[in-house]
Amino acid sequence: MIRLLFKGQSSDKGVSSFQAFAIAISGRVGTGNIAGVATAIAMGGPGAIFWMWVIAFLGAASAFVESTLGQIYKEVDNGQYRGGPAFYIEKGLKVKWYAVLFALTTILSTAVLMPGVQSNSIALSVKNAFQIDPVFTGIGVTAVLALIIIGGVKRISKVAEVVIPFMAAAYILMALVIIGLNITEVPEIFALIIKSAFNMESAFSGVFGMAIAWGVKRGIYSNEAGQGTAPHAAAAAEVSHPVKQGLVQGFSVYVDTLFVCTATALMILFTGQYNVIHPEGGFLVENLPGVEFGAEYTQYAVATQFPSIGSGFVAVSLLFFAFTTIMAYYYIAETNLSYLNRGKNRVWSLWALRALILIATFYGTIRTAKLAWTMGDIGVGLMAWLNIIAILLLRKPVMRAFEDYKRQKKEGKDPVFKAKEAGVENADFWD
C-alpha cells in the first residue's frame, strides 16, 4: 500500500496516486476525527474507540472494493477521468435507474446535508478559541472555498496534496508529544479502552451497547469507508491497474482511524477532559461541567498540556481538516453532476451546484450543532446503504481484477489491466 502510494505521475486527464489519496484523505479526515471521536467517548465511553478500530479493518476492505470498482468502470469526460458508484452501478450492475438515484442522492448529501457538519465545527472551535463571531467565520470559509472550487479538480488536488500532509503531520506530532508526556499511562489507557469495549469496566457498564453503536457510527462517519465517497477520487488517478488505487485507498482508512482518530482519543483520555452521558439521563462521568460534547473536549485536552496554544491549535487543525473535507464533498458532487450531464452542455447546472454548496457551508456555521450532525448522519446513511448494496453485488469483477493483479505480480511484472483478458465486461476504458 505504502509503496504504491508514491508511484505514478499525474497526466492531462488524471491525477497521481498520491493526489488521489490526498483528495480521498481530505474527505475522510475531517470533523469526525476531532469532534466525532469526542462524541463517541461522550455517548459510549472509552470502549467506543475499540469499536472504531474494528470498523477501520472492515472499512479498509470495503474501501479497497469500492475504489477498485471506481477505477475499473471510470471514463473520460471533458478531458478528465470521472468515476464513482453511479458509473459502476450503471456499467457493472446495468441498472440505470439505480445509478441515477445514487447520483442524485450523493449530490443532495455532499452539497446540502453534509457540509454543514464541517463548517459548524469550524465556527464553534474558532469561537471557543478566538471569540470570533460564527457569521464572520462563515463568510471567510465560504469565500476561500469559492476560490478553490471554481478551479475544478486540478486546483482541489493541488491544495489537498499540500495541506493534507502538513495538517495531518502537525496534528499527529502534537498528539505524540502529549503521549510522550504521559507515556507511563499508555498501558492503563489501552486497558481502559479494551475493558470498556467488552463491558468489563464497571464505571462504564451502563453504556456498553452505546459503546458499540457509537464506535461504529462515528467510525464510519470518520473514515467514510463503504459510503461511496472515496471512489470518486480513486477514479481520477492515473494508474496502470485498478487494484493499485484500491490498495492505496484501503491504506487511507488506516491513516484516518488508526492514526488520527486514535491520536485524538488518547489526548482526551490521558487528560480526562471528557464527560460520559448516561443513556437514561445524567452523567456516568462529568469532568467538564456545562461543556457540550464535541471539539471542545479535544481543545480542553490539548490546553491541559499547553495552556497558551492548546485551544487555538485544535481550532486551526479543525479548520484545515473540515475545510478540505468540504472541498472533497464538492468534487464528489461535481463528479455525480457530470454523470447526469453526460453528453449535455449544462453549464448553468455546474454554477447552481457551486452556489448550493457555498450556501450550505455558510448556513452550517450559524445553525445548531445538533441540527448539523443530524443532517450529516442522514446524508451518510443515504449514500452508504445505496453503495454497500452495490459493492456486495459487484464483488466478482473486483475479485477478477485482484486475481489478475496477483498473477502479474507473481510473474514479476508491473501489472497492467486489460479488462477482457481478466474477464471483466463493460470496462470500456481498459479495452
# chains A, B, ... in the order shown; residues from 1 in each chain; ligands from 1
call {"tool": "residues_around", "arguments": {"residues": "range 405-409 of chain A", "least_positions_apart": "2", "cutoff": "12 Å", "atoms": "only C-alpha atoms", "output": "list in words"}}
result
Thr68, Ser240, His241, Pro242, Val243, Lys244, Gln245, Gly246, Leu247, Val398, Met399, Arg400, Ala401, Phe402, Glu403, Glu411, Gly412, Lys413, Asp414, Pro415, Val416, Phe417, Lys418, Ala419, Glu421 and Ala422 of chain A
call {"tool": "select_by_dssp", "arguments": {"residues": "range 183-381 of chain A", "states": "strand (DSSP E)", "output": "PyMOL selection string"}}
result
chain A and resi 275-277+283-286
call {"tool": "residues_around", "arguments": {"residues": "range 370-387 of chain A", "least_positions_apart": "4", "cutoff": "9 Å", "atoms": "only C-alpha atoms", "output": "ChimeraX atom specification"}}
result
/A:66,85,89,98,101-102,105-106,108-110,112-118,120,217,220-221,224-229,364,391-392
call {"tool": "residues_around", "arguments": {"residues": "range 35-49 of chain A", "least_positions_apart": "5", "cutoff": "6 Å", "atoms": "only C-alpha atoms", "output": "number ranges by chain"}}
result
A: 193, 196-197, 207, 210-212, 214-215, 218, 275-277, 293-295
call {"tool": "write_last_selection", "arguments": {"atoms": "N, CA and C atoms", "output": "tab-separated table (two decimals), in the first residue's frame"}}
result
chain	number	residue	atom	x	y	z
A	193	ILE	N	-9.73	1.22	27.45
A	193	ILE	CA	-10.48	1.16	26.20
A	193	ILE	C	-10.99	-0.26	25.95
A	196	SER	N	-13.56	-1.50	28.65
A	196	SER	CA	-14.85	-0.80	28.47
A	196	SER	C	-15.59	-1.33	27.24
A	197	ALA	N	-14.82	-1.72	26.20
A	197	ALA	CA	-15.43	-2.22	24.97
A	197	ALA	C	-16.17	-3.54	25.19
A	207	VAL	N	-23.13	1.96	29.54
A	207	VAL	CA	-23.13	2.39	28.14
A	207	VAL	C	-22.49	1.35	27.22
A	210	MET	N	-24.10	1.30	23.90
A	210	MET	CA	-23.83	2.57	23.25
A	210	MET	C	-22.38	2.64	22.75
A	211	ALA	N	-21.47	1.95	23.44
A	211	ALA	CA	-20.07	1.94	23.01
A	211	ALA	C	-19.96	1.32	21.62
A	212	ILE	N	-20.65	0.20	21.42
A	212	ILE	CA	-20.62	-0.46	20.11
A	212	ILE	C	-21.29	0.44	19.07
A	214	TRP	N	-22.03	3.72	19.02
A	214	TRP	CA	-21.39	4.99	18.68
A	214	TRP	C	-19.98	4.80	18.13
A	215	GLY	N	-19.29	3.73	18.52
A	215	GLY	CA	-18.00	3.44	17.93
A	215	GLY	C	-18.12	3.15	16.45
A	218	ARG	N	-19.62	6.56	14.60
A	218	ARG	CA	-18.63	7.62	14.40
A	218	ARG	C	-17.40	7.12	13.64
A	275	ASN	N	-16.79	14.08	29.27
A	275	ASN	CA	-17.95	13.60	30.02
A	275	ASN	C	-18.46	12.35	29.34
A	276	VAL	N	-19.12	11.48	30.09
A	276	VAL	CA	-19.81	10.32	29.52
A	276	VAL	C	-21.26	10.39	29.96
A	277	ILE	N	-22.15	10.48	28.98
A	277	ILE	CA	-23.57	10.68	29.25
A	277	ILE	C	-24.26	9.34	29.51
A	293	PHE	N	-20.58	18.14	24.34
A	293	PHE	CA	-19.64	17.22	23.69
A	293	PHE	C	-19.34	17.66	22.27
A	294	GLY	N	-18.10	17.40	21.87
A	294	GLY	CA	-17.65	17.79	20.53
A	294	GLY	C	-16.20	18.21	20.56
A	295	ALA	N	-15.83	19.11	19.66
A	295	ALA	CA	-14.43	19.51	19.51
A	295	ALA	C	-13.87	20.16	20.77
call {"tool": "closest_residue", "arguments": {"among": "A:Gly423, A:Gly59, A:Gly151, A:Gly27", "to": "His232 in chain A", "atoms": "only C-alpha atoms"}}
result
A:Gly27
call {"tool": "select_by_dssp", "arguments": {"residues": "range 191-236 of chain A", "states": "alpha helix (DSSP H)", "output": "list in words"}}
result
Ala191, Leu192, Ile193, Ile194, Lys195, Ser196, Ala197, Phe208, Gly209, Met210, Ala211, Ile212, Ala213, Trp214, Gly215, Val216, Lys217, Arg218, Gly219, Ile220, Tyr221, Ser222, Asn223, Ala230, Pro231, His232, Ala233, Ala234 and Ala235 of chain A
call {"tool": "write_last_selection", "arguments": {"atoms": "N, CA and C atoms", "output": "PDB file, in the first residue's frame"}}
result
ATOM      1  N   ALA A 191      -5.847  -0.458  28.298  1.00  0.00           N
ATOM      2  CA  ALA A 191      -6.625  -1.423  29.093  1.00  0.00           C
ATOM      3  C   ALA A 191      -8.032  -0.899  29.351  1.00  0.00           C
ATOM      4  N   LEU A 192      -8.130   0.405  29.650  1.00  0.00           N
ATOM      5  CA  LEU A 192      -9.434   1.025  29.878  1.00  0.00           C
ATOM      6  C   LEU A 192     -10.312   0.926  28.631  1.00  0.00           C
ATOM      7  N   ILE A 193      -9.732   1.216  27.453  1.00  0.00           N
ATOM      8  CA  ILE A 193     -10.482   1.156  26.197  1.00  0.00           C
ATOM      9  C   ILE A 193     -10.994  -0.261  25.949  1.00  0.00           C
ATOM     10  N   ILE A 194     -10.116  -1.254  26.094  1.00  0.00           N
ATOM     11  CA  ILE A 194     -10.486  -2.643  25.774  1.00  0.00           C
ATOM     12  C   ILE A 194     -11.475  -3.192  26.792  1.00  0.00           C
ATOM     13  N   LYS A 195     -11.240  -2.945  28.086  1.00  0.00           N
ATOM     14  CA  LYS A 195     -12.173  -3.446  29.104  1.00  0.00           C
ATOM     15  C   LYS A 195     -13.543  -2.799  28.956  1.00  0.00           C
ATOM     16  N   SER A 196     -13.564  -1.498  28.649  1.00  0.00           N
ATOM     17  CA  SER A 196     -14.850  -0.804  28.465  1.00  0.00           C
ATOM     18  C   SER A 196     -15.585  -1.330  27.236  1.00  0.00           C
ATOM     19  N   ALA A 197     -14.824  -1.722  26.202  1.00  0.00           N
ATOM     20  CA  ALA A 197     -15.433  -2.224  24.967  1.00  0.00           C
ATOM     21  C   ALA A 197     -16.167  -3.536  25.186  1.00  0.00           C
ATOM     22  N   PHE A 208     -22.536   0.065  27.628  1.00  0.00           N
ATOM     23  CA  PHE A 208     -21.902  -0.977  26.829  1.00  0.00           C
ATOM     24  C   PHE A 208     -22.474  -1.030  25.414  1.00  0.00           C
ATOM     25  N   GLY A 209     -23.800  -1.066  25.315  1.00  0.00           N
ATOM     26  CA  GLY A 209     -24.435  -1.094  23.988  1.00  0.00           C
ATOM     27  C   GLY A 209     -24.162   0.173  23.206  1.00  0.00           C
ATOM     28  N   MET A 210     -24.099   1.301  23.903  1.00  0.00           N
ATOM     29  CA  MET A 210     -23.833   2.568  23.252  1.00  0.00           C
ATOM     30  C   MET A 210     -22.384   2.636  22.746  1.00  0.00           C
ATOM     31  N   ALA A 211     -21.470   1.952  23.445  1.00  0.00           N
ATOM     32  CA  ALA A 211     -20.071   1.938  23.008  1.00  0.00           C
ATOM     33  C   ALA A 211     -19.957   1.325  21.621  1.00  0.00           C
ATOM     34  N   ILE A 212     -20.649   0.197  21.421  1.00  0.00           N
ATOM     35  CA  ILE A 212     -20.615  -0.456  20.109  1.00  0.00           C
ATOM     36  C   ILE A 212     -21.292   0.435  19.070  1.00  0.00           C
ATOM     37  N   ALA A 213     -22.491   0.910  19.410  1.00  0.00           N
ATOM     38  CA  ALA A 213     -23.281   1.700  18.453  1.00  0.00           C
ATOM     39  C   ALA A 213     -22.551   2.968  18.023  1.00  0.00           C
ATOM     40  N   TRP A 214     -22.025   3.721  19.015  1.00  0.00           N
ATOM     41  CA  TRP A 214     -21.386   4.993  18.685  1.00  0.00           C
ATOM     42  C   TRP A 214     -19.980   4.804  18.133  1.00  0.00           C
ATOM     43  N   GLY A 215     -19.293   3.728  18.522  1.00  0.00           N
ATOM     44  CA  GLY A 215     -17.999   3.436  17.928  1.00  0.00           C
ATOM     45  C   GLY A 215     -18.125   3.146  16.447  1.00  0.00           C
ATOM     46  N   VAL A 216     -19.120   2.321  16.099  1.00  0.00           N
ATOM     47  CA  VAL A 216     -19.369   2.005  14.691  1.00  0.00           C
ATOM     48  C   VAL A 216     -19.865   3.237  13.944  1.00  0.00           C
ATOM     49  N   LYS A 217     -20.814   3.955  14.567  1.00  0.00           N
ATOM     50  CA  LYS A 217     -21.433   5.117  13.916  1.00  0.00           C
ATOM     51  C   LYS A 217     -20.411   6.200  13.604  1.00  0.00           C
ATOM     52  N   ARG A 218     -19.617   6.556  14.599  1.00  0.00           N
ATOM     53  CA  ARG A 218     -18.632   7.619  14.396  1.00  0.00           C
ATOM     54  C   ARG A 218     -17.405   7.115  13.635  1.00  0.00           C
ATOM     55  N   GLY A 219     -17.126   5.806  13.721  1.00  0.00           N
ATOM     56  CA  GLY A 219     -16.039   5.238  12.930  1.00  0.00           C
ATOM     57  C   GLY A 219     -16.340   5.331  11.452  1.00  0.00           C
ATOM     58  N   ILE A 220     -17.570   4.979  11.076  1.00  0.00           N
ATOM     59  CA  ILE A 220     -17.980   5.065   9.675  1.00  0.00           C
ATOM     60  C   ILE A 220     -18.035   6.518   9.229  1.00  0.00           C
ATOM     61  N   TYR A 221     -18.545   7.383  10.099  1.00  0.00           N
ATOM     62  CA  TYR A 221     -18.600   8.808   9.729  1.00  0.00           C
ATOM     63  C   TYR A 221     -17.199   9.358   9.504  1.00  0.00           C
ATOM     64  N   SER A 222     -16.255   8.917  10.332  1.00  0.00           N
ATOM     65  CA  SER A 222     -14.897   9.440  10.223  1.00  0.00           C
ATOM     66  C   SER A 222     -14.196   8.961   8.961  1.00  0.00           C
ATOM     67  N   ASN A 223     -14.165   7.617   8.737  1.00  0.00           N
ATOM     68  CA  ASN A 223     -13.364   7.120   7.603  1.00  0.00           C
ATOM     69  C   ASN A 223     -14.144   7.009   6.304  1.00  0.00           C
ATOM     70  N   ALA A 230     -15.025   7.927  -1.529  1.00  0.00           N
ATOM     71  CA  ALA A 230     -13.643   7.753  -1.999  1.00  0.00           C
ATOM     72  C   ALA A 230     -13.523   7.287  -3.451  1.00  0.00           C
ATOM     73  N   PRO A 231     -14.438   6.455  -3.986  1.00  0.00           N
ATOM     74  CA  PRO A 231     -14.277   6.008  -5.377  1.00  0.00           C
ATOM     75  C   PRO A 231     -14.206   7.152  -6.388  1.00  0.00           C
ATOM     76  N   HIS A 232     -14.811   8.281  -6.064  1.00  0.00           N
ATOM     77  CA  HIS A 232     -14.755   9.428  -6.978  1.00  0.00           C
ATOM     78  C   HIS A 232     -13.318   9.916  -7.150  1.00  0.00           C
ATOM     79  N   ALA A 233     -12.594  10.021  -6.028  1.00  0.00           N
ATOM     80  CA  ALA A 233     -11.196  10.437  -6.094  1.00  0.00           C
ATOM     81  C   ALA A 233     -10.331   9.323  -6.668  1.00  0.00           C
ATOM     82  N   ALA A 234     -10.622   8.082  -6.279  1.00  0.00           N
ATOM     83  CA  ALA A 234      -9.840   6.940  -6.765  1.00  0.00           C
ATOM     84  C   ALA A 234      -9.893   6.844  -8.283  1.00  0.00           C
ATOM     85  N   ALA A 235     -11.065   7.105  -8.857  1.00  0.00           N
ATOM     86  CA  ALA A 235     -11.231   7.001 -10.309  1.00  0.00           C
ATOM     87  C   ALA A 235     -10.419   8.041 -11.058  1.00  0.00           C
TER      88      ALA A 235
END
call {"tool": "closest_residue", "arguments": {"among": "A:Ala315, A:Ala265, A:Ile388, A:Ile107", "to": "Trp53 in chain A", "atoms": "only C-alpha atoms"}}
result
A:Ala265
call {"tool": "closest_residue", "arguments": {"among": "A:Tyr171, A:Tyr88, A:Tyr254, A:Phe50", "to": "Leu393 in chain A", "atoms": "only C-alpha atoms"}}
result
A:Tyr88
call {"tool": "atom_distance", "arguments": {"atom1": "CA of Met200 in chain A", "atom2": "CA of Pro187 in chain A"}}
result
16.0 Å
call {"tool": "residues_around", "arguments": {"residues": "range 137-141 of chain A", "least_positions_apart": "3", "cutoff": "9 Å", "atoms": "only C-alpha atoms", "output": "number ranges by chain"}}
result
A: 119-120, 122-123, 126-127, 132-134, 144-146, 319, 323, 361-366
call {"tool": "closest_atom_pairs", "arguments": {"of": "range 128-172 of chain A", "to": "range 342-356 of chain A", "cutoff": "12 Å", "atoms": "only C-alpha atoms", "output": "CSV"}}
result
residue,atom,partner,partner_atom,distance
A:Thr142,CA,A:Ala355,CA,10.2
A:Ala143,CA,A:Ala355,CA,11.4
A:Leu145,CA,A:Arg354,CA,9.7
A:Ala146,CA,A:Arg354,CA,7.7
A:Leu147,CA,A:Arg354,CA,10.7
A:Ile148,CA,A:Arg354,CA,10.8
A:Ile149,CA,A:Arg354,CA,7.5
A:Ile150,CA,A:Arg354,CA,7.9
A:Gly151,CA,A:Arg354,CA,11.3
A:Gly152,CA,A:Leu350,CA,10.6
call {"tool": "write_last_selection", "arguments": {"atoms": "C-alpha atoms", "output": "PDB file, in the first residue's frame"}}
result
ATOM      1  CA  THR A 142     -17.220  30.386   2.118  1.00  0.00           C
ATOM      2  CA  ALA A 143     -15.130  32.969   0.246  1.00  0.00           C
ATOM      3  CA  LEU A 145     -13.963  27.738  -0.730  1.00  0.00           C
ATOM      4  CA  ALA A 146     -15.406  29.612  -3.709  1.00  0.00           C
ATOM      5  CA  LEU A 147     -11.925  30.498  -4.980  1.00  0.00           C
ATOM      6  CA  ILE A 148     -10.831  26.859  -4.844  1.00  0.00           C
ATOM      7  CA  ILE A 149     -13.853  25.025  -6.255  1.00  0.00           C
ATOM      8  CA  ILE A 150     -14.116  27.345  -9.258  1.00  0.00           C
ATOM      9  CA  GLY A 151     -10.683  25.986 -10.268  1.00  0.00           C
ATOM     10  CA  GLY A 152     -12.065  22.431 -10.543  1.00  0.00           C
TER      11      GLY A 152
END
call {"tool": "residues_around", "arguments": {"residues": "Phe259 in chain A", "least_positions_apart": "2", "cutoff": "12 Å", "atoms": "only C-alpha atoms", "output": "list in words"}}
result
Val29, Asn33, Met52, Trp53, Ala56, Ala168, Ala169, Tyr171, Ile172, Leu173, Ala175, Leu176, Ser222, Asn223, Phe251, Ser252, Val253, Tyr254, Val255, Asp256, Thr257, Cys261, Thr262, Ala263, Thr264, Ala265 and Leu266 of chain A
call {"tool": "write_last_selection", "arguments": {"atoms": "N, CA and C atoms", "output": "short mmCIF file (atom, residue, chain, number, x, y, z; two decimals), in the first residue's frame"}}
result
data_model
loop_
_atom_site.label_atom_id
_atom_site.label_comp_id
_atom_site.auth_asym_id
_atom_site.auth_seq_id
_atom_site.Cartn_x
_atom_site.Cartn_y
_atom_site.Cartn_z
N VAL A 29 -10.50 12.56 6.56
CA VAL A 29 -10.01 13.26 7.75
C VAL A 29 -10.72 14.59 7.86
N ASN A 33 -12.75 13.18 13.01
CA ASN A 33 -11.52 12.83 13.70
C ASN A 33 -11.29 13.62 14.98
N MET A 52 -14.35 1.64 16.99
CA MET A 52 -13.88 2.43 15.85
C MET A 52 -12.72 1.72 15.16
N TRP A 53 -11.82 1.11 15.95
CA TRP A 53 -10.71 0.35 15.36
C TRP A 53 -11.23 -0.83 14.55
N ALA A 56 -12.54 0.09 11.30
CA ALA A 56 -11.49 0.51 10.36
C ALA A 56 -10.99 -0.67 9.53
N ALA A 168 -1.99 16.86 8.81
CA ALA A 168 -2.00 15.57 9.49
C ALA A 168 -0.73 15.39 10.31
N ALA A 169 0.42 15.77 9.73
CA ALA A 169 1.70 15.64 10.43
C ALA A 169 1.74 16.52 11.68
N TYR A 171 -0.80 17.67 13.46
CA TYR A 171 -1.75 17.19 14.47
C TYR A 171 -1.21 15.94 15.17
N ILE A 172 -0.69 15.00 14.38
CA ILE A 172 -0.17 13.76 14.97
C ILE A 172 1.09 14.05 15.80
N LEU A 173 1.90 15.02 15.36
CA LEU A 173 3.08 15.41 16.15
C LEU A 173 2.66 15.93 17.52
N ALA A 175 -0.07 15.20 19.09
CA ALA A 175 -0.56 14.04 19.84
C ALA A 175 0.59 13.21 20.40
N LEU A 176 1.66 13.03 19.57
CA LEU A 176 2.81 12.25 20.02
C LEU A 176 3.52 12.92 21.19
N SER A 222 -16.25 8.92 10.33
CA SER A 222 -14.90 9.44 10.22
C SER A 222 -14.20 8.96 8.96
N ASN A 223 -14.16 7.62 8.74
CA ASN A 223 -13.36 7.12 7.60
C ASN A 223 -14.14 7.01 6.30
N PHE A 251 -5.40 1.92 2.41
CA PHE A 251 -4.44 2.49 3.37
C PHE A 251 -4.96 3.79 3.98
N SER A 252 -5.71 4.57 3.19
CA SER A 252 -6.21 5.85 3.69
C SER A 252 -7.15 5.67 4.87
N VAL A 253 -7.85 4.53 4.96
CA VAL A 253 -8.73 4.26 6.10
C VAL A 253 -7.90 4.07 7.37
N TYR A 254 -6.77 3.35 7.23
CA TYR A 254 -5.89 3.15 8.39
C TYR A 254 -5.32 4.48 8.88
N VAL A 255 -4.91 5.33 7.95
CA VAL A 255 -4.38 6.64 8.31
C VAL A 255 -5.43 7.43 9.10
N ASP A 256 -6.66 7.41 8.59
CA ASP A 256 -7.73 8.17 9.21
C ASP A 256 -8.04 7.68 10.62
N THR A 257 -8.33 6.38 10.76
CA THR A 257 -8.86 5.86 12.02
C THR A 257 -7.78 5.41 12.99
N CYS A 261 -7.66 9.30 14.47
CA CYS A 261 -8.70 9.15 15.50
C CYS A 261 -8.12 8.66 16.82
N THR A 262 -7.18 7.71 16.74
CA THR A 262 -6.56 7.21 17.97
C THR A 262 -5.78 8.31 18.66
N ALA A 263 -5.10 9.16 17.90
CA ALA A 263 -4.36 10.28 18.48
C ALA A 263 -5.29 11.19 19.28
N THR A 264 -6.44 11.50 18.70
CA THR A 264 -7.43 12.35 19.40
C THR A 264 -7.93 11.67 20.66
N ALA A 265 -8.27 10.39 20.55
CA ALA A 265 -8.80 9.66 21.70
C ALA A 265 -7.81 9.62 22.85
N LEU A 266 -6.54 9.35 22.55
CA LEU A 266 -5.54 9.27 23.61
C LEU A 266 -5.35 10.63 24.29
#
call {"tool": "atom_distance", "arguments": {"atom1": "CA of Gln299 in chain A", "atom2": "CA of Val314 in chain A"}}
result
5.6 Å
call {"tool": "atom_distance", "arguments": {"atom1": "CA of Gly14 in chain A", "atom2": "CA of Ala237 in chain A"}}
result
5.4 Å
call {"tool": "residues_around", "arguments": {"residues": "Glu185 in chain A", "least_positions_apart": "3", "cutoff": "12 Å", "atoms": "only C-alpha atoms", "output": "NGL selection string"}}
result
:A and (178-182 or 188-192 or 266-267 or 269-272)
call {"tool": "decode", "arguments": {"residues": "range 147-160 of chain A", "atoms": "N, CA and C atoms", "output": "short mmCIF file (atom, residue, chain, number, x, y, z; two decimals), in the first residue's frame"}}
result
data_model
loop_
_atom_site.label_atom_id
_atom_site.label_comp_id
_atom_site.auth_asym_id
_atom_site.auth_seq_id
_atom_site.Cartn_x
_atom_site.Cartn_y
_atom_site.Cartn_z
N LEU A 147 -13.12 30.33 -4.15
CA LEU A 147 -11.92 30.50 -4.98
C LEU A 147 -11.34 29.16 -5.42
N ILE A 148 -11.43 28.16 -4.54
CA ILE A 148 -10.83 26.86 -4.84
C ILE A 148 -11.71 26.03 -5.77
N ILE A 149 -13.00 25.93 -5.47
CA ILE A 149 -13.85 25.02 -6.26
C ILE A 149 -14.08 25.52 -7.68
N ILE A 150 -13.96 26.82 -7.89
CA ILE A 150 -14.12 27.34 -9.26
C ILE A 150 -12.96 26.86 -10.14
N GLY A 151 -11.82 26.50 -9.52
CA GLY A 151 -10.68 25.99 -10.27
C GLY A 151 -10.80 24.53 -10.66
N GLY A 152 -11.84 23.81 -10.15
CA GLY A 152 -12.07 22.43 -10.54
C GLY A 152 -11.15 21.44 -9.84
N VAL A 153 -11.15 20.18 -10.33
CA VAL A 153 -10.46 19.08 -9.67
C VAL A 153 -8.95 19.30 -9.59
N LYS A 154 -8.35 19.90 -10.61
CA LYS A 154 -6.90 20.11 -10.59
C LYS A 154 -6.49 21.01 -9.43
N ARG A 155 -7.25 22.11 -9.24
CA ARG A 155 -6.92 23.02 -8.13
C ARG A 155 -7.20 22.34 -6.79
N ILE A 156 -8.29 21.58 -6.70
CA ILE A 156 -8.61 20.87 -5.46
C ILE A 156 -7.48 19.90 -5.11
N SER A 157 -7.00 19.13 -6.10
CA SER A 157 -5.95 18.15 -5.83
C SER A 157 -4.65 18.84 -5.44
N LYS A 158 -4.33 19.98 -6.05
CA LYS A 158 -3.11 20.71 -5.71
C LYS A 158 -3.15 21.22 -4.27
N VAL A 159 -4.31 21.77 -3.87
CA VAL A 159 -4.46 22.26 -2.49
C VAL A 159 -4.38 21.09 -1.52
N ALA A 160 -5.07 19.98 -1.85
CA ALA A 160 -5.12 18.83 -0.95
C ALA A 160 -3.76 18.21 -0.73
#
